[in-house]
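Please read the structure below before turning to the comments.
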Amino acid sequence: MNYSPRPDDVRFILEQVLQAPAQLQALPAFAETDAALLDQVLDEAGKFVGEVIAPLQAVGDSPGCRFDAGVVTTPPGFRAAYQAFWQAGWPALACAPEDGGQGLPWVLEGVLYEWLSAANHGWTMAPGLLHGAYECLRHHGSEQLKTRYLAKIASGEWLATMCLTEAHAGSDLGLVRTRALARTDGSYGISGAKIFISGGEHDLTDNIVHLVLARLPEAPPGPKGLSLFLVPKVLPDGGRNMASCDRIEEKMGLHGSPTCSMRFEDATGWLVGEAGRGLNAMFAMMNAARLHVALQGIGLLDAAWQKADAYAQERRQMRVPGPRDAGQPADPIIGHPAVRRILDTQRAWIDGARVLAYRTGVELDLARHHGDAARRAAAERWCSLVTPVLKSVCTDQGFHGASDCLQVFGGHGYVRESGIEQIVRDSRVTMIYEGTNEIQAIDLLVRKVLPDGGAALSALLLQLRGDLDAAQEAHADVLRRLAELRYLTTQLAQAFKLQPDLPYWIAGDYLRALALALLAWAWTRIDAAAPQAPAPERWTGGSAAFRRWVLPEFALRLDIIKAQLAQAPATRETT
Ligand SMILES: Cc1cc2nc3c(=O)[nH]c(=O)nc-3n(C[C@H](O)[C@H](O)[C@H](O)COP(=O)(O)OP(=O)(O)OC[C@H]3O[C@@H](n4cnc5c(N)ncnc54)[C@H](O)[C@@H]3O)c2cc1C
């Protein structure tokens with residue numbers, strides 16, 4: 001059974017829960033994006049993903065990609081599907097019309113990539129970096145580079161890579177050693193070795209545009225000494241550049257995506273942005289890239305849920321507790337509370353996380369296009385604080401939840417035929433790349449929440465309060481949690497001054513507590529819109545499952561943080 005996108009679910013969230021069309025249409029850039037256009041794009045995207053990309057899921061896993069003497073061959077059908085993808089205009093969905101794009105909101109691209117990842121994570125890795133490369137070049141590239149490369153990247157005719165990681169430099173990019181030497185013609189010679197480069201070499205497109213982090217000779221050590229260079233596989237004169245693939249990794253999963261070791265031997269490149277501000281140029285696209293990975297987690301979990309739900313309706317084992325049908329020796333396992341609980345828990349995560357992720361997509365659009373500076377600043381604050389939360393929890397749940405869905409299959413899940421073990425293997429990497437989940441937690445608490453004493457976080461939580469009504473019991477419960485989190489944040493900010501390592505111990509707990517508070521808010525929004533849904537019980541059931549099986553973790557996380565705070569010097573002195 002292949003993954004099948006369900007546009008109606010997404011439509012309900014975008015239109016009824018988030019009122020996205022009205023918010024987007026208020027922006028001059030998206031004046032034409034009404035609900036009808038949104039519906040049409042969702043229907044077409046769903047069809048393309050279901051009919052062209054999903055059927056290639058198994059072949060992506062086996063035989064997967066092959067490497068032979070520097071040449072990478074993608075699985076059968078991958079190239080044709082990619083050609084169909086870019087020629088239909090899908091990569092250009094959210095690119096600016098002046099670059100050949102369709103000028104649609106980012107949030108639609110987010111939904112498209114969630115579905116693509118669900119259908120075929122390996123294949124989707126190839127175009128997954130396109131939009132980031134496009135934004136990077138659009139904002140930081142010279143006019144000459146833009147003329148040569150921007151339209152090809154916007155359309156997807158040429159694919160792009162991010163060449164950051166080196167064997168000794170993973171989370172700590174300040175250790176990057178790849179060198180760049182200026183030449184007299186304005187280009188640079190790039191020399192060094194990069195590892196784990198997704199799509200570093202393949203047969204999907206005729207050219208590949210690498211964005212490479214490297215260090216100029218006079219650059220200081222550390223992250224501030226890094227610059228970004230555009231290094232094409234094929235040079236403008238048609239010659240082959242000195243950028244080659246030494247091997248592809250043998251991985252746990254994601255066999256449809258070639259993870260390449262790349263060698264640059266005085267390869268020709270051009271500076272993107274200012275010298276020494278390479279990370280800056282990359283960080284400009286960081287929120288969108290991390291949101292993409294969060295959506296991978298949601299998509300993969302949805303794919304696992306679809307399989308497990310279908311299986312659980314068919315598979316019969318033992319009788320469920322309660323009244324029985326005469327004549328049936330066994331009931332469908334979906335009737336067993338333990339199985340039902342697994343499936344309901346994942347559904348509660350998928351739907352709540354979708355609300356937060358799509359809202360973040362809309363906020364990205366507002367941050368770029370809103371006419372009012374204060375609204376843009378609020379949107380940026382939302383993206384900056386919520387994106388690491390989503391990257392981390394959606395990918396954690398993508399993997400652990402997919403593993404729970406495998407459990408629904410019993411032994412049949414552990415064998416290849418069911419296809420669910422591929423999702424579990426493929427999803428694991430999302431917790432690692434684009435900044436590991438530990439780095440996301442530190443980014444949130446240590447870099448974003450604590451430096452201003454929790455002021456930005458507080459403003460975000462107050463913004464959410466505006467949607468809640470203390471007279472309603474469920475809302476009062478969410479308000480209480482938001483208040484607890486604000487109070488705890490103030491205490492942490494105090495403790496941080498006297499015990500600087502404290503937040504690093506509990507950053508993961510803090511991130512999860514915030515995630516659960518945000519999800520609780522998201523479910524109140526779903527509750528409010530549920531009566532307008534085609535099948536309201538689908539959403540009210542999800543809300544109940546969220547409160548029964550997911551939300552109680554909030555108290556556990558707070559207990560862990562409080563116990564650590566109780567040991568901290570700042571707290572001991574003030575009590
Ligand atoms: C399939 C795949 C595709 C990839 N694609 C790309 C790509 O296209 N381009 C690219 O440049 N890179 C890519 N990567 C690399 C990926 O981004 C890195 O693997 C990731 O950033 C982690 O770096 P590392 O593997 O060196 O682990 P390390 O940085 O060595 O980390 C090891 C462990 O230590 C933890 N850790 C490290 N520092 C800290 C800290 N300060 N605080 C707390 N914990 C810490 C980490 O969370 C992790 O658990 C890819 C990796 C894989 C597996």
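Letters for chains follow the order of the structure tokens (A, B, ...), residue numbers begin at 1 for each chain, and ligand numbers begin at 1 in the order shown.
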
Worksheet item: Using only C-alpha atoms and all ligand atoms, which protein or nucleic acid residues are at most 6 Å from ligand 1, as number ranges by chain?
Response: A: 162-165, 169-171, 196-198, 259, 429, 432-436, 438-439

Practice prompt. Find the residues near A:Val111: any atom within 9 Å, counting only C-alpha atoms, skip ones fewer than 4 places away on the same chain, and give them as a ChimeraX atom specification.
Written response: /A:10,42,45,106-107,115-116,295,358

Worksheet, complete the sentence: Here atom CA of A:Ala289 and atom CA of A:Asp43 stand apart by 24.2 Å

Item to complete: Would you list the contacts of A:Val209 as a list in words, taking every protein, DNA or RNA residue within 10 Å and counting only C-alpha atoms, but skipping same-chain residues closer than 6 positions in sequence?
Response: Leu130, Ala133, Tyr149, Lys152, Ile153, Trp158, Leu159, Ala160, Thr161, Met162, Gly200, Leu230, Val231, Pro232, Lys233, Val234 and Leu235 of chain A

Any chance you could export the current selection's C-alpha atoms as a PDB file, in the first residue's frame?
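This went into out_24.pdb:
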```
ATOM      1  CA  LEU A 130      16.420  23.663  -3.930  1.00  0.00           C
ATOM      2  CA  ALA A 133      19.705  27.431  -2.384  1.00  0.00           C
ATOM      3  CA  TYR A 149      22.106  30.268 -11.895  1.00  0.00           C
ATOM      4  CA  LYS A 152      17.830  27.257 -13.335  1.00  0.00           C
ATOM      5  CA  ILE A 153      17.658  26.683  -9.583  1.00  0.00           C
ATOM      6  CA  TRP A 158      19.557  22.125 -12.015  1.00  0.00           C
ATOM      7  CA  LEU A 159      19.653  20.715  -8.505  1.00  0.00           C
ATOM      8  CA  ALA A 160      21.666  22.164  -5.618  1.00  0.00           C
ATOM      9  CA  THR A 161      23.555  20.900  -2.577  1.00  0.00           C
ATOM     10  CA  MET A 162      24.727  22.259   0.764  1.00  0.00           C
ATOM     11  CA  GLY A 200      26.448  15.573  -4.232  1.00  0.00           C
ATOM     12  CA  LEU A 230      28.988  28.547  -5.444  1.00  0.00           C
ATOM     13  CA  VAL A 231      30.785  25.656  -7.155  1.00  0.00           C
ATOM     14  CA  PRO A 232      28.994  24.144 -10.169  1.00  0.00           C
ATOM     15  CA  LYS A 233      29.585  20.579 -11.343  1.00  0.00           C
ATOM     16  CA  VAL A 234      29.617  21.832 -14.952  1.00  0.00           C
ATOM     17  CA  LEU A 235      31.343  25.180 -15.595  1.00  0.00           C
TER      18      LEU A 235
END
```

Worksheet item: Using only C-alpha atoms, which residues sit within 12 Å of A:Leu485 once same-chain residues fewer than 5 positions away are excluded, as number ranges by chain?
Response: A: 449, 454, 457-458, 460-462, 478-480, 490-492, 509-518, 554-555, 557-559, 561-562

Discussion item. Residues near A:Gly401, anyone? I mean within 8 Å using only C-alpha atoms, not counting same-chain ones fewer than 4 positions away, as a VMD selection string.
Written reply: chain A and resid 301 346 396 to 397 405

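Here the question is which of A:Leu37, A:Leu519, A:Ala214, A:Ala545 gets nearest to A:Arg340 using only C-alpha atoms, and that residue is A:Ala545.
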
Just want the 10 Å neighbourhood of stretch 407-410 of chain A, counted on only C-alpha atoms, with same-chain residues fewer than 3 positions away dropped. Output as a PDB file with N, CA and C atoms, in the first residue's frame.
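Contents of selection.pdb, as written:
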```pdb
ATOM      1  N   TRP A 305       1.357   5.886   9.865  1.00  0.00           N
ATOM      2  CA  TRP A 305       0.001   5.769  10.424  1.00  0.00           C
ATOM      3  C   TRP A 305      -0.961   5.187   9.383  1.00  0.00           C
ATOM      4  N   LYS A 307      -0.419   3.209   6.922  1.00  0.00           N
ATOM      5  CA  LYS A 307      -0.188   1.770   6.763  1.00  0.00           C
ATOM      6  C   LYS A 307      -0.731   1.000   7.969  1.00  0.00           C
ATOM      7  N   ALA A 308      -0.388   1.488   9.171  1.00  0.00           N
ATOM      8  CA  ALA A 308      -0.766   0.764  10.385  1.00  0.00           C
ATOM      9  C   ALA A 308      -2.280   0.767  10.564  1.00  0.00           C
ATOM     10  N   ASP A 309      -2.915   1.894  10.259  1.00  0.00           N
ATOM     11  CA  ASP A 309      -4.369   1.986  10.416  1.00  0.00           C
ATOM     12  C   ASP A 309      -5.059   0.988   9.476  1.00  0.00           C
ATOM     13  N   TYR A 311      -3.818  -1.726   8.190  1.00  0.00           N
ATOM     14  CA  TYR A 311      -3.534  -3.094   8.621  1.00  0.00           C
ATOM     15  C   TYR A 311      -4.411  -3.474   9.821  1.00  0.00           C
ATOM     16  N   ALA A 312      -4.528  -2.522  10.756  1.00  0.00           N
ATOM     17  CA  ALA A 312      -5.264  -2.808  11.989  1.00  0.00           C
ATOM     18  C   ALA A 312      -6.755  -3.037  11.732  1.00  0.00           C
ATOM     19  N   ARG A 315      -6.516  -6.971  10.088  1.00  0.00           N
ATOM     20  CA  ARG A 315      -5.933  -8.072  10.858  1.00  0.00           C
ATOM     21  C   ARG A 315      -6.831  -8.436  12.042  1.00  0.00           C
ATOM     22  N   ILE A 333      -7.787  -6.048  15.028  1.00  0.00           N
ATOM     23  CA  ILE A 333      -6.954  -5.595  16.155  1.00  0.00           C
ATOM     24  C   ILE A 333      -7.171  -4.122  16.478  1.00  0.00           C
ATOM     25  N   ILE A 334      -7.753  -3.360  15.549  1.00  0.00           N
ATOM     26  CA  ILE A 334      -7.997  -1.943  15.835  1.00  0.00           C
ATOM     27  C   ILE A 334      -8.945  -1.792  17.026  1.00  0.00           C
ATOM     28  N   ALA A 338      -5.018  -1.322  23.281  1.00  0.00           N
ATOM     29  CA  ALA A 338      -3.580  -1.042  23.156  1.00  0.00           C
ATOM     30  C   ALA A 338      -3.228  -0.590  21.737  1.00  0.00           C
ATOM     31  N   VAL A 339      -3.874  -1.213  20.747  1.00  0.00           N
ATOM     32  CA  VAL A 339      -3.603  -0.851  19.342  1.00  0.00           C
ATOM     33  C   VAL A 339      -4.248   0.494  19.022  1.00  0.00           C
ATOM     34  N   ARG A 340      -5.472   0.636  19.461  1.00  0.00           N
ATOM     35  CA  ARG A 340      -6.193   1.905  19.236  1.00  0.00           C
ATOM     36  C   ARG A 340      -5.396   3.077  19.816  1.00  0.00           C
ATOM     37  N   ILE A 342      -2.162   3.323  20.299  1.00  0.00           N
ATOM     38  CA  ILE A 342      -0.993   3.650  19.464  1.00  0.00           C
ATOM     39  C   ILE A 342      -1.421   4.526  18.292  1.00  0.00           C
ATOM     40  N   LEU A 343      -2.477   4.093  17.615  1.00  0.00           N
ATOM     41  CA  LEU A 343      -2.889   4.818  16.406  1.00  0.00           C
ATOM     42  C   LEU A 343      -3.427   6.209  16.741  1.00  0.00           C
ATOM     43  N   GLY A 401       7.263   7.343  16.626  1.00  0.00           N
ATOM     44  CA  GLY A 401       5.870   7.033  16.290  1.00  0.00           C
ATOM     45  C   GLY A 401       5.798   6.014  15.157  1.00  0.00           C
ATOM     46  N   ALA A 402       6.706   6.124  14.168  1.00  0.00           N
ATOM     47  CA  ALA A 402       6.724   5.139  13.073  1.00  0.00           C
ATOM     48  C   ALA A 402       7.068   3.767  13.640  1.00  0.00           C
ATOM     49  N   SER A 403       7.970   3.744  14.615  1.00  0.00           N
ATOM     50  CA  SER A 403       8.327   2.480  15.245  1.00  0.00           C
ATOM     51  C   SER A 403       7.113   1.906  15.978  1.00  0.00           C
ATOM     52  N   ASP A 404       6.335   2.759  16.641  1.00  0.00           N
ATOM     53  CA  ASP A 404       5.101   2.288  17.296  1.00  0.00           C
ATOM     54  C   ASP A 404       4.116   1.749  16.254  1.00  0.00           C
ATOM     55  N   GLY A 413       5.498  -6.504  10.621  1.00  0.00           N
ATOM     56  CA  GLY A 413       6.108  -5.187  10.448  1.00  0.00           C
ATOM     57  C   GLY A 413       7.615  -5.267  10.363  1.00  0.00           C
ATOM     58  N   TYR A 414       8.151  -6.326  10.931  1.00  0.00           N
ATOM     59  CA  TYR A 414       9.609  -6.455  10.993  1.00  0.00           C
ATOM     60  C   TYR A 414      10.179  -7.017   9.691  1.00  0.00           C
ATOM     61  N   VAL A 415       9.311  -7.581   8.873  1.00  0.00           N
ATOM     62  CA  VAL A 415       9.779  -8.090   7.580  1.00  0.00           C
ATOM     63  C   VAL A 415       9.524  -7.038   6.501  1.00  0.00           C
ATOM     64  N   SER A 418       5.952  -5.576   4.363  1.00  0.00           N
ATOM     65  CA  SER A 418       4.956  -4.601   4.825  1.00  0.00           C
ATOM     66  C   SER A 418       5.350  -3.176   4.441  1.00  0.00           C
ATOM     67  N   ILE A 420       6.773  -1.032   6.221  1.00  0.00           N
ATOM     68  CA  ILE A 420       6.810  -0.059   7.317  1.00  0.00           C
ATOM     69  C   ILE A 420       8.203   0.032   7.929  1.00  0.00           C
TER      70      ILE A 420
END
```

Worksheet entry | Selection: 10 Å around A:Trp86, only C-alpha atoms, excl. self and same-chain fewer than 2 positions, as an NGL selection string | :A and (81-84 or 88-92 or 127 or 154-158)

Worksheet item: So which residues of stretch 152-222 of chain A fall under strand (DSSP E or B) by DSSP, listed as a PyMOL selection string?
Response: chain A and resi 159-163+166+169+179-182+188-198+208-215

Output C-alpha atoms for every residue in that selection, as a compact mmCIF listing (two decimals), in the first residue's frame.
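Here's the written file again04.txt:
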```
# COMPACT_ATOMS: atom_id res chain seq x y z
CA LEU A 159 19.65 20.71 -8.51
CA ALA A 160 21.67 22.16 -5.62
CA THR A 161 23.56 20.90 -2.58
CA MET A 162 24.73 22.26 0.76
CA CYS A 163 28.36 21.31 1.35
CA GLU A 166 33.55 17.59 7.00
CA ALA A 169 33.35 19.28 11.51
CA ARG A 179 40.22 26.36 1.71
CA ALA A 180 39.41 29.04 -0.84
CA LEU A 181 42.13 30.93 -2.73
CA ALA A 182 41.34 34.08 -4.70
CA TYR A 188 38.25 31.21 -6.28
CA GLY A 189 40.00 27.87 -6.18
CA ILE A 190 38.23 25.61 -3.65
CA SER A 191 40.12 22.67 -2.14
CA GLY A 192 38.96 20.24 0.53
CA ALA A 193 36.88 17.20 1.37
CA LYS A 194 33.23 17.24 2.42
CA ILE A 195 31.25 14.28 3.70
CA PHE A 196 27.57 13.34 3.98
CA ILE A 197 26.57 15.61 1.09
CA SER A 198 23.02 14.78 0.01
CA ILE A 208 24.54 20.36 -9.88
CA VAL A 209 25.15 23.63 -8.06
CA HIS A 210 27.12 23.12 -4.86
CA LEU A 211 27.07 25.74 -2.10
CA VAL A 212 30.32 25.16 -0.25
CA LEU A 213 31.50 26.55 3.10
CA ALA A 214 35.23 27.26 2.95
CA ARG A 215 37.89 29.43 4.58
```

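When atom CA of A:Gly508 is paired with atom CA of A:Pro569, their separation reads 21.1 Å.
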
Response to the item:
The distance between atom CA of A:Ala495 and atom CA of A:Arg290 is 29.5 Å

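With only C-alpha atoms as the atoms that count, the minimum distance from A:Glu114 to the choices A:Ser257, A:Pro7, A:Leu406, A:Cys383 is reached by A:Pro7.
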